[in-house]
Structure formats: structure tokens, C-alpha cells
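File shown: my_file34.cif. Contents: mmCIF, C-alpha atoms.
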```cif
data_data
loop_
_atom_site.label_atom_id
_atom_site.label_comp_id
_atom_site.auth_asym_id
_atom_site.auth_seq_id
_atom_site.Cartn_x
_atom_site.Cartn_y
_atom_site.Cartn_z
CA MET A 9 -133.60 -151.91 82.20
CA THR A 10 -135.51 -148.94 80.79
CA PRO A 11 -136.36 -146.38 83.50
CA GLY A 12 -140.09 -145.73 83.67
CA ALA A 13 -140.99 -148.75 81.53
CA PRO A 14 -144.14 -150.66 82.52
CA LEU A 15 -143.79 -153.39 85.14
CA ALA A 16 -146.17 -156.01 86.52
CA VAL A 17 -145.73 -157.30 90.08
CA TYR A 18 -146.79 -160.75 91.28
CA VAL A 19 -146.90 -161.52 95.03
CA HIS A 20 -147.25 -165.14 96.15
CA TRP A 21 -148.89 -165.98 99.48
CA PRO A 22 -148.29 -169.72 99.89
CA PHE A 23 -150.65 -170.62 102.74
CA CYS A 24 -154.04 -172.35 102.67
CA LEU A 25 -156.37 -173.63 105.38
CA ALA A 26 -156.46 -177.00 103.58
CA ARG A 27 -155.01 -178.39 100.38
CA CYS A 28 -157.50 -179.19 97.62
CA PRO A 29 -157.14 -182.72 96.15
CA TYR A 30 -156.60 -181.43 92.59
CA CYS A 31 -154.06 -178.70 93.46
CA ASP A 32 -150.41 -178.90 92.43
CA PHE A 33 -149.67 -175.21 93.06
CA ASN A 34 -147.06 -174.02 95.53
CA ALA A 35 -149.50 -174.09 98.45
CA HIS A 36 -148.86 -175.13 102.05
CA VAL A 37 -150.89 -175.69 105.21
CA ARG A 38 -149.43 -174.29 108.44
CA GLU A 39 -151.01 -174.18 111.90
CA THR A 40 -149.64 -170.70 112.53
CA VAL A 41 -148.07 -167.98 110.39
CA ASP A 42 -145.92 -165.23 111.87
CA GLN A 43 -147.67 -162.39 110.10
CA GLU A 44 -145.27 -159.66 111.16
CA ARG A 45 -142.26 -161.65 109.98
CA TRP A 46 -143.90 -162.42 106.64
CA ARG A 47 -144.96 -158.83 106.09
CA THR A 48 -141.42 -157.65 106.78
CA ALA A 49 -139.90 -160.25 104.43
CA LEU A 50 -142.24 -159.42 101.53
CA ILE A 51 -141.48 -155.73 101.88
CA GLU A 52 -137.75 -156.43 102.08
CA GLU A 53 -137.80 -158.49 98.87
CA ILE A 54 -139.70 -155.71 97.10
CA GLY A 55 -136.97 -153.32 98.21
CA HIS A 56 -134.28 -155.65 96.84
CA PHE A 57 -135.85 -155.74 93.37
CA ALA A 58 -136.56 -152.01 93.43
CA ALA A 59 -132.85 -151.34 94.01
CA GLU A 60 -131.96 -153.67 91.13
CA ILE A 61 -134.57 -152.61 88.61
CA GLY A 62 -134.76 -148.89 89.27
CA LYS A 63 -137.77 -146.68 88.77
CA ARG A 64 -140.59 -148.30 86.78
CA ARG A 65 -144.32 -147.78 86.29
CA VAL A 66 -146.35 -150.57 87.89
CA THR A 67 -149.38 -151.15 85.70
CA THR A 68 -150.70 -154.30 87.39
CA MET A 69 -150.21 -156.16 90.66
CA PHE A 70 -151.51 -159.63 91.47
CA PHE A 71 -151.72 -161.42 94.82
CA GLY A 72 -151.80 -165.17 94.06
CA GLY A 73 -151.45 -168.32 96.09
CA GLY A 74 -152.15 -170.31 98.07
CA THR A 75 -154.97 -168.24 99.50
CA PRO A 76 -154.09 -164.54 99.57
CA SER A 77 -157.44 -163.66 101.15
CA LEU A 78 -156.03 -165.25 104.33
CA MET A 79 -153.53 -162.38 104.50
CA PRO A 80 -154.51 -159.75 107.05
CA PRO A 81 -155.69 -156.66 105.16
CA ALA A 82 -152.98 -154.70 107.02
CA THR A 83 -150.34 -156.92 105.37
CA VAL A 84 -151.95 -156.44 101.94
CA ALA A 85 -151.95 -152.68 102.50
CA ALA A 86 -148.31 -152.68 103.62
CA VAL A 87 -147.20 -154.65 100.54
CA ILE A 88 -149.15 -152.38 98.19
CA ASP A 89 -147.65 -149.34 99.93
CA ALA A 90 -144.16 -150.81 99.51
CA VAL A 91 -144.69 -151.24 95.77
CA ALA A 92 -146.04 -147.68 95.54
CA ALA A 93 -143.02 -146.32 97.40
CA SER A 94 -140.53 -148.40 95.41
CA TRP A 95 -141.85 -147.89 91.89
CA GLY A 96 -145.15 -146.06 91.82
CA PHE A 97 -148.45 -147.14 90.29
CA ASP A 98 -150.09 -146.00 87.10
CA GLU A 99 -153.18 -143.94 87.87
CA ASP A 100 -155.44 -146.77 86.63
CA ALA A 101 -153.30 -149.68 87.87
CA GLU A 102 -155.08 -152.99 88.32
CA ILE A 103 -154.51 -154.63 91.74
CA THR A 104 -156.00 -158.14 91.90
CA LEU A 105 -156.27 -160.50 94.86
CA GLU A 106 -157.36 -164.14 94.69
CA ALA A 107 -159.92 -165.04 97.35
CA ASN A 108 -161.84 -168.04 98.58
CA PRO A 109 -165.58 -167.38 98.92
CA THR A 110 -165.95 -168.48 102.54
CA SER A 111 -167.94 -166.20 104.82
CA VAL A 112 -164.85 -165.50 106.94
CA GLU A 113 -162.74 -164.34 104.00
CA ALA A 114 -165.61 -162.44 102.37
CA GLY A 115 -165.93 -160.53 105.63
CA ARG A 116 -162.54 -158.95 104.85
CA PHE A 117 -163.59 -157.51 101.50
CA ALA A 118 -164.27 -154.00 102.78
CA ASP A 119 -160.85 -153.84 104.46
CA LEU A 120 -159.11 -155.29 101.39
CA ARG A 121 -160.73 -152.61 99.23
CA ARG A 122 -159.50 -149.93 101.62
CA ALA A 123 -156.04 -151.51 101.43
CA GLY A 124 -155.97 -150.76 97.70
CA VAL A 125 -157.24 -153.94 96.02
CA ASN A 126 -159.53 -153.00 93.12
CA ARG A 127 -160.15 -156.41 91.55
CA VAL A 128 -160.88 -159.74 93.24
CA SER A 129 -160.80 -163.21 91.67
CA LEU A 130 -163.02 -165.65 93.54
CA GLY A 131 -162.23 -169.39 93.61
CA VAL A 132 -165.84 -170.53 93.44
CA GLN A 133 -164.93 -173.66 91.38
CA ALA A 134 -168.51 -175.02 91.30
CA LEU A 135 -172.09 -173.96 91.94
CA ASP A 136 -173.15 -177.35 93.25
CA ASP A 137 -172.62 -178.54 96.82
CA GLY A 138 -171.85 -182.11 95.78
CA ALA A 139 -169.22 -180.93 93.31
CA LEU A 140 -167.72 -178.59 95.93
CA ALA A 141 -167.38 -181.50 98.37
CA PHE A 142 -165.74 -183.62 95.64
CA LEU A 143 -163.27 -180.79 94.91
CA GLY A 144 -162.43 -180.45 98.61
CA ARG A 145 -163.62 -176.86 98.82
CA GLY A 146 -164.33 -175.30 102.21
CA HIS A 147 -167.41 -173.34 101.18
CA SER A 148 -170.99 -174.08 100.19
CA CYS A 149 -172.81 -172.94 97.08
CA ALA A 150 -174.80 -170.45 99.17
CA GLU A 151 -171.59 -169.02 100.63
CA ALA A 152 -170.11 -168.67 97.15
CA ILE A 153 -173.12 -166.77 95.87
CA SER A 154 -173.08 -164.45 98.89
CA ALA A 155 -169.35 -163.82 98.45
CA VAL A 156 -169.71 -162.93 94.77
CA GLU A 157 -172.57 -160.55 95.56
CA LEU A 158 -170.51 -158.95 98.33
CA ALA A 159 -167.49 -158.63 96.00
CA ALA A 160 -169.66 -156.81 93.47
CA ARG A 161 -170.53 -154.23 96.13
CA HIS A 162 -166.95 -153.61 97.25
CA PHE A 163 -164.74 -153.92 94.16
CA PRO A 164 -164.95 -152.13 90.80
CA ARG A 165 -164.15 -155.45 89.07
CA HIS A 166 -164.48 -159.06 90.07
CA SER A 167 -164.18 -162.49 88.51
CA LEU A 168 -164.93 -166.07 89.43
CA ASP A 169 -163.21 -169.38 88.67
CA LEU A 170 -165.01 -172.59 87.78
CA ILE A 171 -163.73 -176.13 87.22
CA TYR A 172 -165.42 -178.39 84.67
CA ALA A 173 -164.86 -181.88 83.24
CA ARG A 174 -165.69 -183.34 86.62
CA PRO A 175 -166.60 -187.05 86.74
CA ASP A 176 -170.03 -187.76 85.25
CA GLN A 177 -170.60 -184.10 84.38
CA THR A 178 -172.85 -183.65 81.36
CA ALA A 179 -172.89 -180.80 78.87
CA ALA A 180 -176.50 -180.00 79.85
CA ALA A 181 -175.63 -179.73 83.55
CA TRP A 182 -172.56 -177.62 82.76
CA ARG A 183 -174.63 -175.32 80.54
CA ASP A 184 -177.01 -174.76 83.44
CA GLU A 185 -174.15 -174.10 85.86
CA LEU A 186 -172.60 -171.56 83.50
CA GLY A 187 -175.96 -169.83 83.25
CA ARG A 188 -176.09 -169.46 87.03
CA ALA A 189 -172.53 -168.13 87.05
CA LEU A 190 -173.45 -165.54 84.43
CA ASP A 191 -176.25 -164.33 86.68
CA LEU A 192 -173.59 -163.52 89.30
CA VAL A 193 -170.79 -162.04 87.17
CA ASP A 194 -171.09 -159.63 84.28
CA GLY A 195 -167.45 -159.18 83.32
CA HIS A 196 -165.09 -162.12 83.70
CA ILE A 197 -165.23 -165.90 84.19
CA SER A 198 -162.29 -168.32 84.21
CA ALA A 199 -163.31 -171.89 83.34
CA TYR A 200 -160.60 -174.51 83.84
CA GLN A 201 -160.75 -178.13 82.74
CA LEU A 202 -160.04 -180.50 85.63
CA THR A 203 -156.66 -182.12 85.12
CA VAL A 204 -155.21 -184.92 87.22
CA GLU A 205 -151.72 -183.78 88.19
CA LYS A 206 -148.99 -186.04 89.55
CA GLY A 207 -148.44 -185.82 93.28
CA THR A 208 -152.02 -184.80 94.08
CA PRO A 209 -154.61 -186.93 95.93
CA PHE A 210 -156.67 -187.02 92.74
CA HIS A 211 -153.74 -188.62 90.92
CA GLY A 212 -153.59 -191.36 93.52
CA ALA A 213 -157.34 -191.91 93.25
CA TRP A 214 -157.06 -192.06 89.46
CA ARG A 215 -154.28 -194.65 89.63
CA ARG A 216 -156.41 -196.77 91.98
CA GLY A 217 -159.35 -196.55 89.58
CA GLU A 218 -161.41 -194.51 92.04
CA LEU A 219 -161.52 -191.38 89.87
CA ARG A 220 -162.67 -191.42 86.26
CA PRO A 221 -162.60 -188.03 84.53
CA PRO A 222 -164.61 -187.62 81.31
CA GLY A 223 -163.10 -189.12 78.17
CA ASP A 224 -161.57 -186.97 75.46
CA ASP A 225 -164.77 -186.63 73.41
CA ASP A 226 -166.81 -185.63 76.46
CA ALA A 227 -164.12 -183.17 77.57
CA VAL A 228 -164.11 -181.54 74.12
CA ALA A 229 -167.91 -181.28 74.24
CA LEU A 230 -167.71 -179.55 77.63
CA PHE A 231 -165.02 -177.18 76.31
CA GLU A 232 -167.14 -176.31 73.29
CA THR A 233 -170.17 -175.76 75.52
CA THR A 234 -168.10 -173.32 77.57
CA GLN A 235 -167.09 -171.35 74.48
CA GLU A 236 -170.63 -171.29 73.09
CA VAL A 237 -172.47 -170.28 76.27
CA LEU A 238 -170.04 -167.60 77.40
CA ALA A 239 -169.59 -166.10 73.94
CA ALA A 240 -173.36 -165.89 73.50
CA ALA A 241 -173.56 -164.06 76.82
CA GLY A 242 -171.00 -161.47 75.69
CA LEU A 243 -167.95 -163.03 77.38
CA PRO A 244 -165.91 -164.45 74.50
CA ALA A 245 -162.67 -166.27 75.22
CA TYR A 246 -159.58 -164.08 75.17
CA GLU A 247 -157.40 -166.97 76.38
CA ILE A 248 -157.89 -170.72 76.39
CA SER A 249 -159.60 -170.70 79.82
CA ASN A 250 -160.52 -167.04 80.34
CA HIS A 251 -163.61 -165.20 79.14
CA ALA A 252 -164.49 -161.53 79.49
CA THR A 253 -166.53 -158.70 78.13
CA PRO A 254 -164.30 -156.37 76.08
CA GLY A 255 -162.25 -154.29 78.50
CA ALA A 256 -162.82 -156.60 81.49
CA GLU A 257 -159.89 -158.94 80.78
CA CYS A 258 -157.39 -159.61 83.58
CA ARG A 259 -154.75 -157.05 82.63
CA HIS A 260 -152.06 -158.62 84.80
CA ASN A 261 -152.29 -161.97 83.05
CA LEU A 262 -152.25 -160.25 79.67
CA GLU A 263 -149.04 -158.44 80.63
CA VAL A 264 -147.38 -161.79 81.39
CA TRP A 265 -148.80 -163.69 78.42
CA ARG A 266 -147.73 -160.94 76.02
CA GLY A 267 -144.16 -161.07 77.30
CA ASN A 268 -143.96 -157.78 79.18
CA ASP A 269 -141.69 -157.43 82.21
CA TYR A 270 -142.87 -158.76 85.56
CA VAL A 271 -141.22 -159.39 88.91
CA GLY A 272 -142.16 -162.21 91.28
CA ILE A 273 -142.22 -161.68 95.05
CA GLY A 274 -142.62 -164.48 97.59
CA PRO A 275 -142.08 -168.27 97.71
CA GLY A 276 -141.99 -169.92 94.29
CA ALA A 277 -142.67 -166.69 92.39
CA HIS A 278 -141.10 -166.24 88.95
CA GLY A 279 -140.20 -163.15 86.95
CA ARG A 280 -138.89 -161.99 83.57
CA LEU A 281 -136.95 -158.73 83.29
CA THR A 282 -135.54 -157.15 80.16
CA THR A 283 -131.97 -155.86 80.34
CA GLU A 284 -129.51 -154.54 77.77
CA GLY A 285 -127.91 -157.99 77.74
CA GLY A 286 -131.18 -159.89 77.25
CA THR A 287 -133.95 -161.33 79.39
CA ILE A 288 -133.28 -162.28 82.99
CA ALA A 289 -135.39 -165.10 84.45
CA HIS A 290 -135.63 -165.41 88.20
CA ALA A 291 -137.31 -167.94 90.48
CA GLN A 292 -137.68 -167.67 94.24
CA HIS A 293 -137.26 -170.53 96.73
CA ARG A 294 -140.45 -172.62 96.69
CA ALA A 295 -140.54 -173.77 100.33
CA PRO A 296 -141.91 -170.99 102.56
CA GLU A 297 -139.35 -171.51 105.31
CA ALA A 298 -136.44 -171.65 102.85
CA TRP A 299 -137.62 -168.42 101.21
CA LEU A 300 -138.08 -166.71 104.56
CA GLN A 301 -134.60 -167.69 105.71
CA ALA A 302 -133.03 -166.55 102.44
CA VAL A 303 -134.67 -163.14 102.72
CA ALA A 304 -133.43 -162.81 106.30
CA GLU A 305 -129.88 -163.66 105.21
CA ASN A 306 -129.68 -162.02 101.76
CA GLY A 307 -132.52 -159.53 101.50
CA HIS A 308 -134.20 -161.66 98.83
CA GLY A 309 -135.32 -165.25 98.29
CA THR A 310 -134.00 -165.83 94.78
CA ALA A 311 -133.07 -169.47 94.20
CA GLN A 312 -132.36 -169.27 90.45
CA ARG A 313 -131.40 -166.38 88.22
CA GLN A 314 -130.20 -166.72 84.65
CA LEU A 315 -129.94 -164.96 81.34
CA ILE A 316 -132.10 -166.84 78.85
CA SER A 317 -131.32 -166.92 75.16
CA PRO A 318 -133.48 -165.12 72.57
CA ALA A 319 -134.56 -168.53 71.26
CA GLU A 320 -135.66 -169.64 74.72
CA ARG A 321 -137.50 -166.39 75.29
CA PHE A 322 -139.27 -166.63 71.97
CA ALA A 323 -140.39 -170.18 72.79
CA GLU A 324 -141.88 -168.84 76.03
CA LEU A 325 -143.62 -166.02 74.18
CA ALA A 326 -145.02 -168.46 71.63
CA MET A 327 -146.36 -170.81 74.32
CA THR A 328 -148.14 -168.03 76.19
CA GLY A 329 -149.07 -165.91 73.19
CA LEU A 330 -150.74 -168.76 71.34
CA ARG A 331 -152.99 -169.34 74.35
CA LEU A 332 -154.55 -165.98 73.53
CA THR A 333 -157.26 -165.81 70.90
CA VAL A 334 -155.39 -162.94 69.21
CA GLY A 335 -152.31 -165.15 69.12
CA LEU A 336 -148.86 -163.82 68.23
CA GLU A 337 -149.28 -160.32 66.82
CA ARG A 338 -146.82 -159.41 64.11
CA GLY A 339 -145.79 -155.98 65.38
CA PRO A 340 -144.37 -156.83 68.81
CA VAL A 341 -143.18 -160.32 67.84
CA GLU A 342 -141.27 -159.17 64.77
CA ALA A 343 -139.79 -156.26 66.75
CA PHE A 344 -138.47 -158.83 69.24
CA LEU A 345 -137.21 -161.20 66.53
CA GLY A 346 -135.78 -158.60 64.20
CA THR A 347 -137.24 -160.61 61.35
CA ARG A 348 -140.53 -161.90 60.01
CA LEU A 349 -142.67 -164.13 62.21
CA GLU A 350 -142.49 -167.04 59.79
CA ALA A 351 -138.69 -167.17 60.11
CA ALA A 352 -138.93 -168.10 63.80
CA PHE A 353 -140.25 -171.59 63.05
CA GLU A 354 -138.79 -174.47 61.12
CA ALA A 355 -139.85 -174.34 57.48
CA GLY A 356 -143.17 -176.03 56.86
CA ARG A 357 -144.35 -176.33 60.45
CA ILE A 358 -146.71 -173.36 60.37
CA GLN A 359 -148.06 -174.41 56.99
CA ARG A 360 -148.81 -177.90 58.25
CA MET A 361 -150.79 -176.41 61.14
CA VAL A 362 -152.62 -174.09 58.75
CA ASP A 363 -153.37 -176.89 56.30
CA GLY A 364 -154.67 -179.02 59.18
CA GLY A 365 -157.11 -176.32 60.18
CA PHE A 366 -155.42 -175.68 63.52
CA MET A 367 -153.89 -172.25 62.89
CA VAL A 368 -154.39 -169.05 60.91
CA LEU A 369 -151.49 -167.04 59.49
CA ASP A 370 -152.26 -163.62 58.05
CA ARG A 371 -151.18 -159.99 58.13
CA ALA A 372 -152.23 -159.71 61.80
CA GLY A 373 -150.07 -162.61 62.93
CA LEU A 374 -150.35 -166.26 63.92
CA ARG A 375 -153.19 -167.66 66.02
CA THR A 376 -154.99 -170.90 66.72
CA THR A 377 -158.42 -171.79 65.36
CA PRO A 378 -161.17 -173.20 67.63
CA ALA A 379 -160.04 -176.67 66.53
CA GLY A 380 -156.47 -175.78 67.41
CA ARG A 381 -157.44 -174.55 70.86
CA THR A 382 -159.06 -177.88 71.71
CA ARG A 383 -155.69 -179.52 70.93
CA LEU A 384 -153.44 -176.69 72.10
CA ASP A 385 -150.80 -178.82 73.82
CA ALA A 386 -150.36 -180.97 70.71
CA VAL A 387 -150.30 -177.91 68.42
CA LEU A 388 -147.63 -176.21 70.52
CA ALA A 389 -145.56 -179.39 70.68
CA ALA A 390 -145.66 -179.78 66.89
CA LEU A 391 -144.88 -176.12 66.29
CA LEU A 392 -142.03 -175.77 68.79
CA ALA A 393 -140.43 -179.22 68.73
#
```
In C-alpha cells, what does this structure look like?
Amino acid sequence: MTPGAPLAVYVHWPFCLARCPYCDFNAHVRETVDQERWRTALIEEIGHFAAEIGKRRVTTMFFGGGTPSLMPPATVAAVIDAVAASWGFDEDAEITLEANPTSVEAGRFADLRRAGVNRVSLGVQALDDGALAFLGRGHSCAEAISAVELAARHFPRHSLDLIYARPDQTAAAWRDELGRALDLVDGHISAYQLTVEKGTPFHGAWRRGELRPPGDDDAVALFETTQEVLAAAGLPAYEISNHATPGAECRHNLEVWRGNDYVGIGPGAHGRLTTEGGTIAHAQHRAPEAWLQAVAENGHGTAQRQLISPAERFAELAMTGLRLTVGLERGPVEAFLGTRLEAAFEAGRIQRMVDGGFMVLDRAGLRTTPAGRTRLDAVLAALLA
């Protein structure tokens, strides 16, 4: 591993007050959490990876979950301090924390800012009380608006998440909701299409016929409305679900999507680290108690660690890179491959995507068209099969 090379750090806090019916993330509800024990374990795992990786420059750090805004600000500060002591931050490092916009959690914003967080991502999900109840959210529309306004006062950068393609949602209603979101945020909005994932309450409701998401044509219309409204407001898409004014993109996610090194701390976290022998993939124990016990016994909670082949790594880079509007850029991709971009794919596959109007191949690289982004899963399957 190259000493001093850039590094991104992801920290997973797995706990929530309640589980949302659409969520299939590694999130858990617990009546009590031993905060001191968790703080100690997170810091210990950071120390383990610091000893393995050596000195690096941390350019971005991201607290995800779960609900990281449920962490006491003192724990957030201690974890940030541990990363600073282990590796050191770039002067302009981005430190993001995901937060729910309840009044209780918003009340911690000032302390979280003092702890070192300089960007907050708010899980607003909807600006309609009926939709929030349907999504199982624990806040009202008024609370969400207050939280976003408070975030703007405390953090240099903030973002909000929205979920669309809800049952019976129309393009006109979604256009209006996006307009209200734009009045709150001037830099970054993430807009995710509602998907019914196996194992969630929504999946059970869908199987029973109690939940009917919009059909494909309606979902495409809502996606296109998202692109049109946000681009017109100066927040073009830089990734399939993420929109920002130039310079306001989430730098941490870009580090990961572009294939740069990142380490995962906490239950279920993943990482990719470049070594002289290739890329190491690691995954931590998903269950909070299993992770906690492993850290106590071994100093880390790694459940899986393996060297992945160049072909496997390139497939990962293609899947994440093609989610970006800039796509796979020739320079870094061809440096990784040691050959031209076209040689990485089976003959004819790229051309078929280009001829179908789903991709563009030029001197800059390979990227999807708007038509390709509406069918991204199918395009990636055809390209990488």
C-alpha cells in the first residue's frame, strides 16, 4: 500500500429507533446501546486498520447507517479524532454524517459540527405527511423543513434524500415536491426510486397485493421529471440518483464509485485496499453483537477478506463507474487495465449498446446516455455478462 496515498473511511452505525418498511440496509433496533463499549470498539478497529495500512491521507469520511445521528456527539468526535491520530486528514477533508430530521436529532447539530462533521445528509424522504406515514418515517414535514434549515446554519454543506415512485404518485405532484425541496437545498439532492426489496415489510405487502408501485412507464416518467427539474435548477445528475451543483457532489461517494481506496469500519462495512499483490476486499461481520465480540477477541470485526482478481475488480469499477454521468474515463481505467478500454469487454458488446442508443464511446471514455440510465441494470447486465 502506497504511504501517503489518499484514503476514504466509512463508519457504519447500525442502530435505528425503528425499521422503515422499505429498508433492507444493515440496520437494527435495540432497546439500549452500550455507548462506551461501542465507542471503544470502533476506535479499536480503526487502530487495527491503521497498523495494517500504514500512513495515508484521509480525504473523506462518511458516517452511514442505520441512523448515525443517534450516536452521541462525543462518540462521533472520538471516532473522528481516532482517524486523525491514525492517518491524518487532508486540510479540506469532507466528513459527512447521515441524519434523520427529527427535532431530537436536529438538536444535536451544533455538537456534531463541533465534533468535526462538516457535511450532513438528511433522510427527509418526502415533503408530504401522508407519504412520510406510508414510508414509516418518524418525522413530520414541518420537522423535516426545520431540520434542513437548522442544518444550513450549522454545516458548510448539506444534502437531503427523497424517495419517489410511491404508489399513486403523479409526475405533477412529484414536480411540485421537487420544487419545495429546491427551496430548502441549494447544493445537493439525492432522489431514489422506491424499490420493493425481499425481506422487507413492503415486499410482504406487495406479495399480498396490498402495495402497488407505479408501472414501468410511470416510473420512467417520474425519473425523467427528476432529471428535468433538477437540471433546470442547476443540480444536474452526476450519478443515477444524485444531483448537485458543480463542486457540491458528495466527494466520499465519488471516491468509492471511481475505485479509489476505502476502508470500512463497523458492522457490515466493506472496503477495498490496493496492495502490491492486487486489491484486497474486506467485509465486517453484519450482526452488531457478532462484530462487537470479534473486535473484543481479535481487535477487528473482519468476517471476510480476500484478494480479488483484476477481472473482478474491473467489473466492480464498471458497475460503479457507469452509474456516473461521466462514466468510465479513459485515463484511469486504461492505466488500471494496461490496455485500451474497448479490450476489457467482449467484442461487439459496446458497439451493440452504442448502436442501441444506450451508450457513448469516444475519446473521453465510455458512458451511458439518458436512455441507458433509465435501463441501467439491463445495460450493465448486457455489457458485463
Could you name the residues that touch range 160-177 of chain A at 7 Å or less, counting all atoms listed in the file, but leaving out those on the same chain fewer than 2 positions away, as a PyMOL selection string? chain A and resi 117-118+121+126-134+156-158+179+181-182+193+195-202+220-222+227+230
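With all atoms listed in the file as the basis for measurement, A:Leu25 is the residue among A:Leu190, A:Ile54, A:Ala123, A:Leu25 that approaches Gly144 in chain A most closely.
For Leu50 in chain A, the residues within 8 Å (counting all atoms listed in the file, excluding itself and residues fewer than 2 positions away along the chain) are A:Trp46, A:Arg47, A:Thr48, A:Glu52, A:Glu53, A:Ile54, A:Val87, A:Ile273, A:Gly274.
By chain and then residue number, the residues within 9 Å of Ala311 in chain A are Gly276, His290, Ala291, Gln292, His293, Arg294, Trp299 and Ala302 of chain A, counting all atoms listed in the file and disregarding those fewer than 6 positions away in sequence.
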Between CA of Thr75 in chain A and CA of Phe23 in chain A, what is the distance, to one decimal in Å? 5.9 Å
Distance cut-off 9 Å, centre (-154.4, -177.2, 104.8) in file coordinates, counting only C-alpha atoms: which residues qualify? Return them as a PyMOL selection string. chain A and resi 23-28+35-39
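Interatomic distance, CA of Arg381 in chain A against CA of Phe366 in chain A: 7.7 Å.
Once the PyMOL selection byres ((chain A and resi 111-116) around 8) is applied to this file, the selection holds Ser77, Leu78, Pro81, Ala107, Asn108, Pro109, Thr110, Phe117, Ala118, Asp119, Leu120, Glu151, Ala155, Leu158 and Ala159 of chain A.
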Can you write just those residues out, C-alpha atoms, as a short mmCIF file (atom, residue, chain, number, x, y, z; two decimals), in the coordinates of the input?
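To be explicit, this is the file written out as result_29.cif:
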```cif
data_model
loop_
_atom_site.label_atom_id
_atom_site.label_comp_id
_atom_site.auth_asym_id
_atom_site.auth_seq_id
_atom_site.Cartn_x
_atom_site.Cartn_y
_atom_site.Cartn_z
CA SER A 77 -157.44 -163.66 101.15
CA LEU A 78 -156.03 -165.25 104.33
CA PRO A 81 -155.69 -156.66 105.16
CA ALA A 107 -159.92 -165.04 97.35
CA ASN A 108 -161.84 -168.04 98.58
CA PRO A 109 -165.58 -167.38 98.92
CA THR A 110 -165.95 -168.48 102.54
CA PHE A 117 -163.59 -157.51 101.50
CA ALA A 118 -164.27 -154.00 102.78
CA ASP A 119 -160.85 -153.84 104.46
CA LEU A 120 -159.11 -155.29 101.39
CA GLU A 151 -171.59 -169.02 100.63
CA ALA A 155 -169.35 -163.82 98.45
CA LEU A 158 -170.51 -158.95 98.33
CA ALA A 159 -167.49 -158.63 96.00
#
```
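Nearest residue to Ala323 in chain A, choosing from A:Ala352, A:Leu15, A:Ala379, A:Ala213 and counting only C-alpha atoms: A:Ala352.
In this comparison, which uses only C-alpha atoms, the residue of A:Thr310, A:Thr377, A:Thr68, A:Thr178 approaching Pro275 in chain A most closely is A:Thr310.
The two atoms in question, CA of Ser94 in chain A and CA of Lys63 in chain A, are spaced 7.4 Å apart.
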Could you list the residues chosen by the PyMOL selection byres ((chain A and resi 307) around 9) in this structure as JSON, numbers by chain? {"A": [49, 52, 53, 55, 56, 302, 303, 304, 305, 306, 308, 309]}
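This file, queried with the PyMOL selection byres ((chain A and resi 327-331) around 6), gives the residues Glu247, Ile248, Trp265, Arg266, Glu324, Leu325, Ala326, Leu332, Gly335, Leu336 and Arg375 of chain A.
Of the residues listed (A:Arg357, A:Arg145, A:Arg183, A:Arg348), A:Arg145 shows the shortest atom-to-atom separation from Tyr30 in chain A; distances use all atoms listed in the file.
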For the point (-152.6, -169.1, 58.3) in file coordinates, what residues are within 12 Å, counting only C-alpha atoms? Give the answer as a PyMOL selection string? chain A and resi 335-336+349-350+356-377+380
Taking C-alpha atoms for each residue, export the selection above as a short mmCIF file (atom, residue, chain, number, x, y, z; two decimals), in the frame of the given file.
```cif
data_model
loop_
_atom_site.label_atom_id
_atom_site.label_comp_id
_atom_site.auth_asym_id
_atom_site.auth_seq_id
_atom_site.Cartn_x
_atom_site.Cartn_y
_atom_site.Cartn_z
CA GLY A 335 -152.31 -165.15 69.12
CA LEU A 336 -148.86 -163.82 68.23
CA LEU A 349 -142.67 -164.13 62.21
CA GLU A 350 -142.49 -167.04 59.79
CA GLY A 356 -143.17 -176.03 56.86
CA ARG A 357 -144.35 -176.33 60.45
CA ILE A 358 -146.71 -173.36 60.37
CA GLN A 359 -148.06 -174.41 56.99
CA ARG A 360 -148.81 -177.90 58.25
CA MET A 361 -150.79 -176.41 61.14
CA VAL A 362 -152.62 -174.09 58.75
CA ASP A 363 -153.37 -176.89 56.30
CA GLY A 364 -154.67 -179.02 59.18
CA GLY A 365 -157.11 -176.32 60.18
CA PHE A 366 -155.42 -175.68 63.52
CA MET A 367 -153.89 -172.25 62.89
CA VAL A 368 -154.39 -169.05 60.91
CA LEU A 369 -151.49 -167.04 59.49
CA ASP A 370 -152.26 -163.62 58.05
CA ARG A 371 -151.18 -159.99 58.13
CA ALA A 372 -152.23 -159.71 61.80
CA GLY A 373 -150.07 -162.61 62.93
CA LEU A 374 -150.35 -166.26 63.92
CA ARG A 375 -153.19 -167.66 66.02
CA THR A 376 -154.99 -170.90 66.72
CA THR A 377 -158.42 -171.79 65.36
CA GLY A 380 -156.47 -175.78 67.41
#
```
